[in-house]
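K.L.:
This is the content of query19.txt (compact mmCIF, C-alpha atoms):
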```
# COMPACT_ATOMS: atom_id res chain seq x y z
CA MET P 126 -16.68 10.94 11.53
CA ASN P 127 -12.92 11.16 11.69
CA GLU P 128 -13.09 14.86 12.47
CA ILE P 129 -15.56 14.39 15.30
CA ILE P 130 -13.36 11.78 16.98
CA SER P 131 -10.35 14.11 16.67
CA ILE P 132 -12.31 17.00 18.21
CA VAL P 133 -13.46 14.83 21.14
CA ILE P 134 -9.94 13.52 21.84
CA ALA P 135 -8.51 17.06 21.68
CA ALA P 136 -11.26 18.34 24.02
CA ILE P 137 -10.53 15.65 26.60
CA LEU P 138 -6.76 16.26 26.44
CA SER P 139 -7.09 20.03 26.86
CA TRP P 140 -9.69 19.63 29.67
CA PHE P 141 -7.26 17.51 31.68
CA ASN P 142 -4.38 19.83 30.85
CA PHE P 143 -5.92 23.01 32.18
CA VAL P 144 -7.86 21.53 35.12
CA LEU P 145 -4.90 19.58 36.49
CA ILE P 146 -2.36 22.38 36.06
CA ASP P 147 -4.68 25.01 37.53
CA THR P 148 -5.57 22.86 40.53
CA TRP P 149 -1.93 21.96 41.11
CA MET P 150 -0.90 25.64 41.08
CA GLY P 151 -3.41 26.42 43.79
CA LEU P 152 -6.20 28.21 41.97
CA PRO P 153 -9.09 26.78 44.06
CA GLU P 154 -7.35 27.75 47.30
CA LYS P 155 -7.75 31.50 47.32
CA PRO P 156 -8.82 34.23 44.90
CA GLY P 157 -5.78 35.53 43.04
CA VAL P 158 -7.23 38.93 42.15
CA LYS P 159 -10.12 40.81 43.74
CA GLY P 160 -12.77 40.10 41.14
CA ALA P 161 -12.53 36.33 41.65
CA ASP P 162 -13.72 36.69 45.25
CA VAL P 163 -17.06 38.19 44.15
CA ILE P 164 -17.74 35.47 41.61
CA GLY P 165 -16.71 32.69 44.02
CA ARG P 166 -19.08 33.85 46.73
CA SER P 167 -21.92 34.24 44.27
CA VAL P 168 -21.50 30.62 43.12
CA LEU P 169 -21.49 29.55 46.79
CA LYS P 170 -24.76 31.41 47.33
CA ARG P 171 -26.38 29.63 44.39
CA GLY P 172 -25.65 26.20 45.79
CA GLY P 173 -22.13 25.41 44.65
CA ASP P 174 -18.77 24.73 46.24
CA LEU P 175 -16.51 27.60 47.33
CA ALA P 176 -13.29 26.11 45.96
CA GLY P 177 -14.97 25.52 42.60
CA GLY P 178 -16.29 29.06 42.70
CA PHE P 179 -12.81 30.50 43.28
CA PHE P 180 -11.55 28.33 40.38
CA GLN P 181 -14.20 29.72 38.02
CA GLY P 182 -13.60 33.26 39.26
CA ASN P 183 -9.86 32.95 38.69
CA ILE P 184 -10.49 31.76 35.12
CA VAL P 185 -12.59 34.88 34.43
CA CYS P 186 -10.39 37.48 36.07
CA SER P 187 -6.83 36.52 35.20
CA PRO P 188 -5.06 34.60 32.42
CA ASP P 189 -4.43 31.13 33.79
CA ALA P 190 -3.76 27.72 32.24
CA SER P 191 -7.04 27.80 30.27
CA ALA P 192 -5.95 31.00 28.53
CA GLY P 193 -2.47 29.56 28.03
CA THR P 194 -3.89 26.41 26.43
CA LEU P 195 -6.19 28.24 24.03
CA LEU P 196 -3.66 30.87 22.96
CA ALA P 197 -0.82 28.36 22.60
CA SER P 198 -2.96 26.16 20.34
CA ALA P 199 -3.98 29.20 18.25
CA ALA P 200 -0.32 30.26 17.94
CA CYS P 201 0.78 26.70 17.04
CA TYR P 202 -1.87 26.62 14.32
CA THR P 203 -0.76 29.87 12.68
CA ILE P 204 2.97 30.07 13.39
CA GLY P 205 4.20 26.47 13.62
CA THR P 206 4.41 23.87 16.32
CA PRO P 207 7.22 24.59 18.78
CA GLU P 208 7.74 28.31 18.00
CA GLY P 209 4.09 29.29 18.37
CA GLY P 210 3.80 27.79 21.83
CA LEU P 211 6.85 29.69 23.08
CA ILE P 212 5.60 33.01 21.66
CA ALA P 213 2.21 32.44 23.29
CA ALA P 214 3.90 31.59 26.61
CA ILE P 215 5.81 34.91 26.59
CA LEU P 216 2.72 36.96 25.73
CA VAL P 217 0.60 35.21 28.39
CA TYR P 218 3.37 35.97 30.91
CA PHE P 219 3.09 39.69 30.02
CA GLY P 220 -0.69 39.46 30.38
CA ASN P 221 -0.35 37.90 33.81
CA ARG P 222 1.86 40.70 35.08
CA LEU P 223 -0.51 43.29 33.56
CA CYS P 224 -3.38 41.84 35.61
CA ALA P 225 -1.21 42.07 38.76
CA ASP P 226 -1.28 38.30 39.23
CA PRO P 227 1.98 36.90 40.61
CA GLY P 228 1.47 33.32 39.42
CA TYR P 229 2.89 31.20 36.63
CA ALA P 230 -0.16 29.13 35.72
CA GLY P 231 -0.58 30.60 32.24
CA THR P 232 2.95 29.98 31.06
CA THR P 233 2.99 26.43 32.48
CA GLY P 234 -0.27 25.59 30.71
CA ALA P 235 1.01 26.99 27.42
CA LEU P 236 4.26 25.02 27.56
CA THR P 237 2.62 21.71 28.46
CA ILE P 238 -0.02 21.99 25.74
CA THR P 239 2.75 22.70 23.22
CA GLY P 240 4.30 19.38 24.19
CA ILE P 241 0.93 17.61 23.89
CA ILE P 242 0.26 19.13 20.45
CA PHE P 243 3.71 18.04 19.28
CA ALA P 244 2.99 14.48 20.47
CA ALA P 245 -0.51 14.44 18.97
CA SER P 246 0.76 15.54 15.59
CA PHE P 247 2.16 12.03 15.15
CA ILE P 248 -1.36 10.60 15.47
CA GLY P 249 -2.79 13.09 12.97
CA ILE P 250 -4.59 15.59 15.22
CA GLY P 251 -3.59 19.08 14.13
CA PRO P 252 -3.55 22.22 16.34
CA ALA P 253 -6.85 23.47 14.88
CA TYR P 254 -8.69 20.63 16.59
CA PHE P 255 -7.13 21.69 19.89
CA VAL P 256 -8.55 25.20 19.49
CA VAL P 257 -12.08 23.82 19.05
CA GLY P 258 -11.49 21.26 21.81
CA MET P 259 -10.41 23.96 24.27
CA VAL P 260 -13.54 26.05 23.57
CA LEU P 261 -15.71 22.96 24.18
CA ALA P 262 -13.83 22.19 27.41
CA ILE P 263 -14.29 25.71 28.79
CA VAL P 264 -18.01 25.59 27.94
CA THR P 265 -18.40 22.45 30.06
CA ILE P 266 -16.92 24.26 33.06
CA GLN P 267 -18.40 27.73 32.66
CA GLY P 268 -21.32 27.50 30.31
CA ILE P 269 -23.69 24.71 31.29
CA ASN P 270 -24.46 24.65 35.01
CA HIS P 271 -22.33 26.51 37.50
CA PRO P 272 -23.12 24.74 40.82
CA LEU P 273 -22.59 21.24 39.34
CA ALA P 274 -19.29 22.20 37.70
CA SER P 275 -18.05 23.85 40.90
CA LYS P 276 -18.85 20.71 42.90
CA LEU P 277 -16.85 18.61 40.42
CA ILE P 278 -13.90 20.99 40.65
CA GLY P 279 -14.22 20.96 44.45
CA LYS P 280 -13.95 17.16 44.50
CA ILE P 281 -10.85 17.23 42.27
CA ALA P 282 -9.32 19.95 44.48
CA GLU P 283 -9.92 17.87 47.60
CA LYS P 284 -8.26 14.84 46.03
CA MET P 285 -5.18 16.89 45.16
CA GLY P 286 -5.13 18.54 48.58
CA ARG P 287 -5.87 22.07 47.36
CA HIS P 288 -9.30 22.74 48.80
CA THR P 289 -9.86 26.16 50.26
CA GLU P 290 -9.71 27.03 53.96
CA LEU P 291 -11.74 30.21 53.73
CA THR P 292 -15.51 30.30 54.16
CA MET W 949 -16.74 23.09 9.86
CA LEU W 950 -14.61 24.04 12.87
CA ILE W 951 -15.66 27.69 12.66
CA GLN W 952 -19.32 26.64 12.49
CA ILE W 953 -19.10 24.61 15.68
CA ILE W 954 -17.53 27.48 17.62
CA GLY W 955 -20.00 29.92 16.02
CA ILE W 956 -23.02 28.06 17.39
CA ILE W 957 -21.42 27.96 20.85
CA VAL W 958 -20.75 31.73 20.77
CA LEU W 959 -24.37 32.52 19.86
CA LEU W 960 -25.72 30.25 22.59
CA MET W 961 -23.48 31.82 25.23
CA ALA W 962 -24.50 35.33 24.12
CA LEU W 963 -28.18 34.45 24.48
CA ARG W 964 -27.59 32.98 27.94
CA THR W 965 -25.82 36.21 28.95
CA LEU W 966 -28.90 38.20 27.99
CA PHE W 967 -31.37 36.00 29.85
CA ALA W 968 -29.39 35.20 33.02
CA GLN W 969 -30.67 36.19 36.44
CA ASP W 970 -27.59 36.90 38.48
CA ARG W 971 -24.80 39.32 37.61
CA SER W 972 -21.92 36.98 38.35
CA GLU W 973 -23.59 34.33 36.19
CA ARG W 974 -23.49 36.87 33.35
CA MET W 975 -19.75 37.33 33.84
CA LEU W 976 -19.12 33.59 33.50
CA TYR W 977 -21.12 33.30 30.28
CA LEU W 978 -19.39 36.41 28.92
CA ASN W 979 -16.00 34.84 29.57
CA ALA W 980 -17.02 31.65 27.73
CA MET W 981 -18.06 33.79 24.75
CA THR W 982 -14.69 35.56 24.78
CA PHE W 983 -12.91 32.22 24.48
CA GLY W 984 -15.05 31.44 21.46
CA ILE W 985 -14.44 34.76 19.67
CA ALA W 986 -10.67 34.48 20.25
CA GLY W 987 -10.73 30.97 18.77
CA ILE W 988 -12.71 32.05 15.71
CA ILE W 989 -10.36 34.98 15.05
CA ALA W 990 -7.34 32.66 15.11
CA LEU W 991 -9.00 30.08 12.84
CA TYR W 992 -10.30 32.60 10.31
CA ILE W 993 -7.12 34.58 9.75
CA GLN W 994 -4.51 31.95 9.32
CA THR W 995 -1.43 34.17 9.46
CA PRO W 996 0.69 34.91 12.57
CA PHE W 997 -0.88 38.34 13.01
CA GLY W 998 -4.24 36.66 13.55
CA ALA W 999 -2.84 34.84 16.57
CA ILE W 1000 -1.40 38.12 17.91
CA ILE W 1001 -4.80 39.80 17.58
CA ALA W 1002 -6.50 36.88 19.33
CA ILE W 1003 -4.02 37.08 22.21
CA THR W 1004 -4.36 40.88 22.53
CA TYR W 1005 -8.16 40.73 22.47
CA PHE W 1006 -8.23 37.94 25.03
CA VAL W 1007 -5.88 39.59 27.53
CA ALA W 1008 -7.64 42.97 27.21
CA SER W 1009 -11.05 41.35 27.71
CA THR W 1010 -9.75 39.57 30.81
CA ILE W 1011 -8.59 42.89 32.27
CA SER W 1012 -12.00 44.47 31.66
CA SER W 1013 -13.83 41.45 33.13
CA ASN W 1014 -11.71 41.77 36.25
CA ALA W 1015 -12.67 45.46 36.54
CA ILE W 1016 -16.38 44.67 36.09
CA ALA W 1017 -16.30 41.88 38.69
CA TYR W 1018 -14.57 44.16 41.20
CA SER W 1019 -17.22 46.85 40.62
CA ILE W 1020 -19.99 44.29 41.12
CA GLY W 1021 -18.53 43.64 44.54
CA ARG W 1022 -18.25 47.32 45.42
CA VAL W 1023 -21.66 48.47 44.24
CA LYS W 1024 -24.03 45.94 45.62
CA ASN W 1025 -27.36 47.45 44.78
CA GLU W 1026 -27.31 50.68 42.86
CA ILE W 1027 -29.63 53.56 43.46
CA LEU W 1028 -31.29 54.68 40.25
CA LEU W 1029 -32.44 58.24 39.88
CA ASP W 1030 -35.94 57.76 38.46
CA GLU W 1031 -37.41 54.93 40.55
CA MET G 589 -31.05 22.10 8.16
CA TYR G 590 -27.84 22.12 6.09
CA PRO G 591 -28.55 25.42 4.25
CA PHE G 592 -28.69 27.09 7.69
CA LEU G 593 -25.36 25.63 8.67
CA ASP G 594 -23.76 27.22 5.62
CA LEU G 595 -24.84 30.65 6.82
CA ILE G 596 -22.70 30.48 9.95
CA ASN G 597 -19.43 32.29 9.38
CA LEU G 598 -17.56 34.99 11.29
CA THR G 599 -19.61 37.83 9.80
CA THR G 600 -23.04 36.47 10.73
CA VAL G 601 -21.95 35.31 14.18
CA SER G 602 -20.48 38.75 14.95
CA ALA G 603 -23.65 40.45 13.67
CA GLY G 604 -25.76 38.21 15.90
CA VAL G 605 -23.65 38.99 18.96
CA LEU G 606 -23.82 42.74 18.17
CA LEU G 607 -27.61 42.63 17.96
CA ILE G 608 -27.91 40.66 21.19
CA GLY G 609 -25.61 43.14 22.96
CA ALA G 610 -27.57 46.13 21.66
CA ALA G 611 -30.90 44.56 22.69
CA GLY G 612 -29.46 43.97 26.16
CA ILE G 613 -28.35 47.57 26.54
CA ILE G 614 -31.80 48.81 25.59
CA MET G 615 -33.82 46.35 27.65
CA LEU G 616 -31.93 46.05 30.94
CA LYS G 617 -32.49 48.69 33.59
CA LYS G 618 -29.54 48.86 35.96
CA PRO G 619 -26.38 50.59 34.70
CA LEU G 620 -24.00 47.79 35.71
CA ASP G 621 -25.95 45.29 33.61
CA LYS G 622 -25.73 47.70 30.71
CA VAL G 623 -21.94 47.78 31.06
CA ILE G 624 -21.80 43.97 30.94
CA MET G 625 -23.83 44.04 27.72
CA PHE G 626 -21.44 46.70 26.40
CA ALA G 627 -18.55 44.28 26.89
CA LEU G 628 -20.54 41.71 24.87
CA LEU G 629 -21.01 44.29 22.14
CA GLN G 630 -17.26 44.92 22.04
CA GLY G 631 -16.67 41.24 21.33
CA GLY G 632 -19.03 41.28 18.38
CA PHE G 633 -17.59 44.55 17.14
CA ILE G 634 -14.05 43.21 17.01
CA GLY G 635 -15.28 40.06 15.30
CA MET G 636 -16.94 42.20 12.64
CA ILE G 637 -13.80 44.27 12.05
CA VAL G 638 -11.65 41.14 11.75
CA SER G 639 -14.04 39.55 9.28
CA ALA G 640 -13.59 42.58 7.01
CA LYS G 641 -9.82 41.99 7.30
CA TYR G 642 -8.98 45.40 8.79
CA LEU G 643 -6.44 43.90 11.16
CA ASP G 644 -4.70 47.05 12.40
CA VAL G 645 -8.06 48.67 13.24
CA ALA G 646 -8.93 45.49 15.18
CA MET G 647 -5.70 45.75 17.18
CA VAL G 648 -6.38 49.36 18.18
CA ALA G 649 -10.02 48.59 19.04
CA ALA G 650 -9.00 45.62 21.19
CA ILE G 651 -6.62 47.81 23.19
CA PHE G 652 -8.88 50.84 23.65
CA ASP G 653 -12.24 49.25 24.45
CA PRO G 654 -11.39 48.03 27.95
CA ILE G 655 -10.18 51.57 28.74
CA SER G 656 -13.65 52.92 27.96
CA ILE G 657 -15.24 50.20 30.10
CA VAL G 658 -12.99 51.11 33.05
CA ILE G 659 -13.93 54.80 32.66
CA MET G 660 -17.63 53.92 32.74
CA LEU G 661 -17.14 51.76 35.83
CA ILE G 662 -15.32 54.57 37.66
CA ALA G 663 -18.27 56.88 36.87
CA ILE G 664 -20.86 54.36 38.09
CA SER G 665 -19.15 53.63 41.39
CA LYS G 666 -18.50 57.33 42.08
CA LEU G 667 -22.13 58.32 41.40
CA ASP G 668 -23.38 55.47 43.56
CA GLU G 669 -21.10 56.47 46.43
CA ILE G 670 -22.36 60.06 46.29
CA ARG G 671 -26.01 58.98 46.19
CA LYS G 672 -25.60 56.57 49.10
CA LYS G 673 -23.91 59.27 51.18
CA LYS G 674 -26.70 61.72 50.43
CA GLU G 675 -29.33 59.15 51.38
CA LYS G 676 -27.58 58.38 54.63
CA SER G 677 -27.26 62.07 55.55
CA GLN G 678 -30.93 62.64 54.73
CA GLU G 679 -31.88 59.74 57.01
CA GLU G 680 -29.80 61.12 59.85
CA GLY G 681 -31.27 64.57 59.25
CA LEU G 682 -34.80 63.16 59.67
CA ILE G 683 -33.91 61.25 62.83
CA ALA G 684 -31.96 64.13 64.44
```
Step by step, read the file and then write its structure as structure tokens.

P.N.:
Amino acid sequence: MNEIISIVIAAILSWFNFVLIDTWMGLPEKPGVKGADVIGRSVLKRGGDLAGGFFQGNIVCSPDASAGTLLASAACYTIGTPEGGLIAAILVYFGNRLCADPGYAGTTGALTITGIIFAASFIGIGPAYFVVGMVLAIVTIQGINHPLASKLIGKIAEKMGRHTELT
Amino acid sequence: MLIQIIGIIVLLMALRTLFAQDRSERMLYLNAMTFGIAGIIALYIQTPFGAIIAITYFVASTISSNAIAYSIGRVKNEILLDE
Amino acid sequence: MYPFLDLINLTTVSAGVLLIGAAGIIMLKKPLDKVIMFALLQGGFIGMIVSAKYLDVAMVAAIFDPISIVIMLIAISKLDEIRKKKEKSQEEGLIA
């Protein structure tokens, strides 16, 4: 029972980490690389929201804060808590430039989740629970029902003033 | 127990990829499965090289997903030869 | 139910994903869907190599598989362009 509570807390923390950082860095506003445009318009055609569709497309086609969160938690688990996060931040930065994406969302997500893992280690939640929590969080956005998730992301984007202007 | 939870999620996402209707839907389920496989690799091999392999696999799979999504946009409805 | 949960480890999950990917390649008809199933098969393949602890082979496979997917995609889009151009010129030939 203790493990299940730890997994749920880690999932909620990583969900907020990557959704807030991605929305703040402007991911729902426009497609960063060309593949995200295709996925965003297909979600719009199936009854979703265009900003949410661009968000989901940007997660698929370029390493953003969701990738930074998962890889930083994996590196913190195997290498050690502050060093692993920094190594993961550097490698995600290389991956971003390889995909021709000029943003900094991946490195920001990796650095903030390293801080959260360091703080959560005082409560007793290790980095392994953050790996499982991140996989659960990404399944809620991209694995259950795409139009509903895109509408939720669209509402969050509107509240933070990052909704898209394109149609 | 952690590997088992992610393992069930990976198998469910793979089955949804097979039975999806739309191509872009398949890309989203494929990406969710990639997150799961990267997580399992890092949890199974508990040395630093395991994390490096998870990062390499994830970034390379993102590049190939970007290429596939771009081709889906370019080739809207292919012409098959024997139809 | 608990004996089944003990069977889930990296080897069996990767084998399941490999079989699902192979079934998709055989069953689906359009080439672009087959390439998406090929990417699924790559994920299971790398999982299988890692579970046998051949880590350097896994690193090389992870780097070279997207290159083969990009080559297949270039072939598909080129062939489709040529076929569409031929169809359009045949249509204009019939009208004119």

K.L.:
Considering all atoms listed in the file, extract the chain W residues located within 9 Å of chain P and return them as a PyMOL selection string.

P.N.:
chain W and resi 950-951+953-954+957+961+964+970-973+975-981+983-984+986-988+990-991+993-1000+1002-1004+1006-1008+1010-1021

K.L.:
Could you please tell me, as a PyMOL selection string, which residues of chain G have an atom within 7 Å of chain W when using all atoms listed in the file?

P.N.:
chain G and resi 596-597+601+605+608+612+628+631+635+647+650-651+654+657-658+661+665+668

K.L.:
Filtering to C-alpha atoms, could you give me those residues as a PDB file, keeping the file's coordinate frame?

P.N.:
```
ATOM      1  CA  ILE G 596     -22.700  30.480   9.950  1.00  0.00           C
ATOM      2  CA  ASN G 597     -19.430  32.290   9.380  1.00  0.00           C
ATOM      3  CA  VAL G 601     -21.950  35.310  14.180  1.00  0.00           C
ATOM      4  CA  VAL G 605     -23.650  38.990  18.960  1.00  0.00           C
ATOM      5  CA  ILE G 608     -27.910  40.660  21.190  1.00  0.00           C
ATOM      6  CA  GLY G 612     -29.460  43.970  26.160  1.00  0.00           C
ATOM      7  CA  LEU G 628     -20.540  41.710  24.870  1.00  0.00           C
ATOM      8  CA  GLY G 631     -16.670  41.240  21.330  1.00  0.00           C
ATOM      9  CA  GLY G 635     -15.280  40.060  15.300  1.00  0.00           C
ATOM     10  CA  MET G 647      -5.700  45.750  17.180  1.00  0.00           C
ATOM     11  CA  ALA G 650      -9.000  45.620  21.190  1.00  0.00           C
ATOM     12  CA  ILE G 651      -6.620  47.810  23.190  1.00  0.00           C
ATOM     13  CA  PRO G 654     -11.390  48.030  27.950  1.00  0.00           C
ATOM     14  CA  ILE G 657     -15.240  50.200  30.100  1.00  0.00           C
ATOM     15  CA  VAL G 658     -12.990  51.110  33.050  1.00  0.00           C
ATOM     16  CA  LEU G 661     -17.140  51.760  35.830  1.00  0.00           C
ATOM     17  CA  SER G 665     -19.150  53.630  41.390  1.00  0.00           C
ATOM     18  CA  ASP G 668     -23.380  55.470  43.560  1.00  0.00           C
TER      19      ASP G 668
END
```

K.L.:
Report, in Å to a single decimal, how far apart CA of Ala190 in chain P and CA of Tyr229 in chain P are.

P.N.:
8.7 Å

K.L.:
Write out as an MDAnalysis selection string the residues lying within 8 Å of Pro153 in chain P, counting all atoms listed in the file and excluding same-chain residues fewer than 3 positions away.

P.N.:
chainID P and resid 148 156 176:180 279 282 287:289

K.L.:
Could you tell me how far CA of Leu667 in chain G lies from CA of Ile624 in chain G, in Å and to one decimal?

P.N.:
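Straight-line distance from CA of Leu667 in chain G to CA of Ile624 in chain G works out to 17.8 Å.
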
K.L.:
Choose the residue, out of G:Met660, G:Val648, G:Leu598, G:Leu607, that has the smallest atom-to-atom separation from Pro619 in chain G; count only C-alpha atoms.

P.N.:
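Counting only C-alpha atoms, the residue closest to Pro619 in chain G is G:Met660.
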
K.L.:
How many Å separate CA of Thr292 in chain P from CA of Asp189 in chain P?

P.N.:
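Separation between CA of Thr292 in chain P and CA of Asp189 in chain P: 23.2 Å.
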
K.L.:
List every protein, DNA or RNA residue that has at least one atom no more than 9 Å from (-17.4, 46.6, 15.1) in the file's coordinates, counting only C-alpha atoms, and write the result as a list of chain:residue names.

P.N.:
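Collected hits near the coordinates: G:Ser602, G:Ala603, G:Leu606, G:Leu629, G:Gln630, G:Gly631, G:Gly632, G:Phe633, G:Ile634, G:Gly635, G:Met636, G:Ile637, G:Val638, G:Ala646, G:Ala649.
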
K.L.:
Would you mind exporting the chosen residues as an mmCIF file, keeping the file's coordinate frame, restricted to C-alpha atoms?

P.N.:
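Writing the result to again04.cif gives the following:
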```cif
data_model
loop_
_atom_site.group_PDB
_atom_site.id
_atom_site.type_symbol
_atom_site.label_atom_id
_atom_site.label_comp_id
_atom_site.auth_asym_id
_atom_site.auth_seq_id
_atom_site.Cartn_x
_atom_site.Cartn_y
_atom_site.Cartn_z
ATOM 1 C CA SER G 602 -20.480 38.750 14.950
ATOM 2 C CA ALA G 603 -23.650 40.450 13.670
ATOM 3 C CA LEU G 606 -23.820 42.740 18.170
ATOM 4 C CA LEU G 629 -21.010 44.290 22.140
ATOM 5 C CA GLN G 630 -17.260 44.920 22.040
ATOM 6 C CA GLY G 631 -16.670 41.240 21.330
ATOM 7 C CA GLY G 632 -19.030 41.280 18.380
ATOM 8 C CA PHE G 633 -17.590 44.550 17.140
ATOM 9 C CA ILE G 634 -14.050 43.210 17.010
ATOM 10 C CA GLY G 635 -15.280 40.060 15.300
ATOM 11 C CA MET G 636 -16.940 42.200 12.640
ATOM 12 C CA ILE G 637 -13.800 44.270 12.050
ATOM 13 C CA VAL G 638 -11.650 41.140 11.750
ATOM 14 C CA ALA G 646 -8.930 45.490 15.180
ATOM 15 C CA ALA G 649 -10.020 48.590 19.040
#
```

K.L.:
Please reconstruct the missing atoms of range 962-973 of chain W (target: N, CA and C atoms) and return them as an mmCIF file, in the frame of the given file.

P.N.:
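Writing done, so here's selection-v6.cif:
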```
data_model
loop_
_atom_site.group_PDB
_atom_site.id
_atom_site.type_symbol
_atom_site.label_atom_id
_atom_site.label_comp_id
_atom_site.auth_asym_id
_atom_site.auth_seq_id
_atom_site.Cartn_x
_atom_site.Cartn_y
_atom_site.Cartn_z
ATOM 1 N N ALA W 962 -24.020 33.942 24.115
ATOM 2 C CA ALA W 962 -24.500 35.330 24.120
ATOM 3 C C ALA W 962 -25.959 35.393 24.550
ATOM 4 N N LEU W 963 -26.774 34.447 24.071
ATOM 5 C CA LEU W 963 -28.180 34.450 24.480
ATOM 6 C C LEU W 963 -28.319 34.164 25.961
ATOM 7 N N ARG W 964 -27.492 33.256 26.505
ATOM 8 C CA ARG W 964 -27.590 32.980 27.940
ATOM 9 C C ARG W 964 -27.142 34.180 28.762
ATOM 10 N N THR W 965 -26.202 34.994 28.214
ATOM 11 C CA THR W 965 -25.820 36.210 28.950
ATOM 12 C C THR W 965 -27.010 37.149 29.049
ATOM 13 N N LEU W 966 -27.794 37.247 27.977
ATOM 14 C CA LEU W 966 -28.900 38.200 27.990
ATOM 15 C C LEU W 966 -29.969 37.756 28.979
ATOM 16 N N PHE W 967 -30.235 36.446 29.062
ATOM 17 C CA PHE W 967 -31.370 36.000 29.850
ATOM 18 C C PHE W 967 -30.967 35.448 31.201
ATOM 19 N N ALA W 968 -29.783 35.740 31.710
ATOM 20 C CA ALA W 968 -29.390 35.200 33.020
ATOM 21 C C ALA W 968 -29.995 36.042 34.125
ATOM 22 N N GLN W 969 -30.042 35.471 35.333
ATOM 23 C CA GLN W 969 -30.670 36.190 36.440
ATOM 24 C C GLN W 969 -29.669 36.948 37.285
ATOM 25 N N ASP W 970 -28.517 36.333 37.514
ATOM 26 C CA ASP W 970 -27.590 36.900 38.480
ATOM 27 C C ASP W 970 -26.441 37.560 37.738
ATOM 28 N N ARG W 971 -25.849 38.600 38.339
ATOM 29 C CA ARG W 971 -24.800 39.320 37.610
ATOM 30 C C ARG W 971 -23.531 38.515 37.440
ATOM 31 N N SER W 972 -23.160 37.746 38.478
ATOM 32 C CA SER W 972 -21.920 36.980 38.350
ATOM 33 C C SER W 972 -22.093 35.848 37.344
ATOM 34 N N GLU W 973 -23.338 35.333 37.214
ATOM 35 C CA GLU W 973 -23.590 34.330 36.190
ATOM 36 C C GLU W 973 -23.325 34.921 34.822
#
```
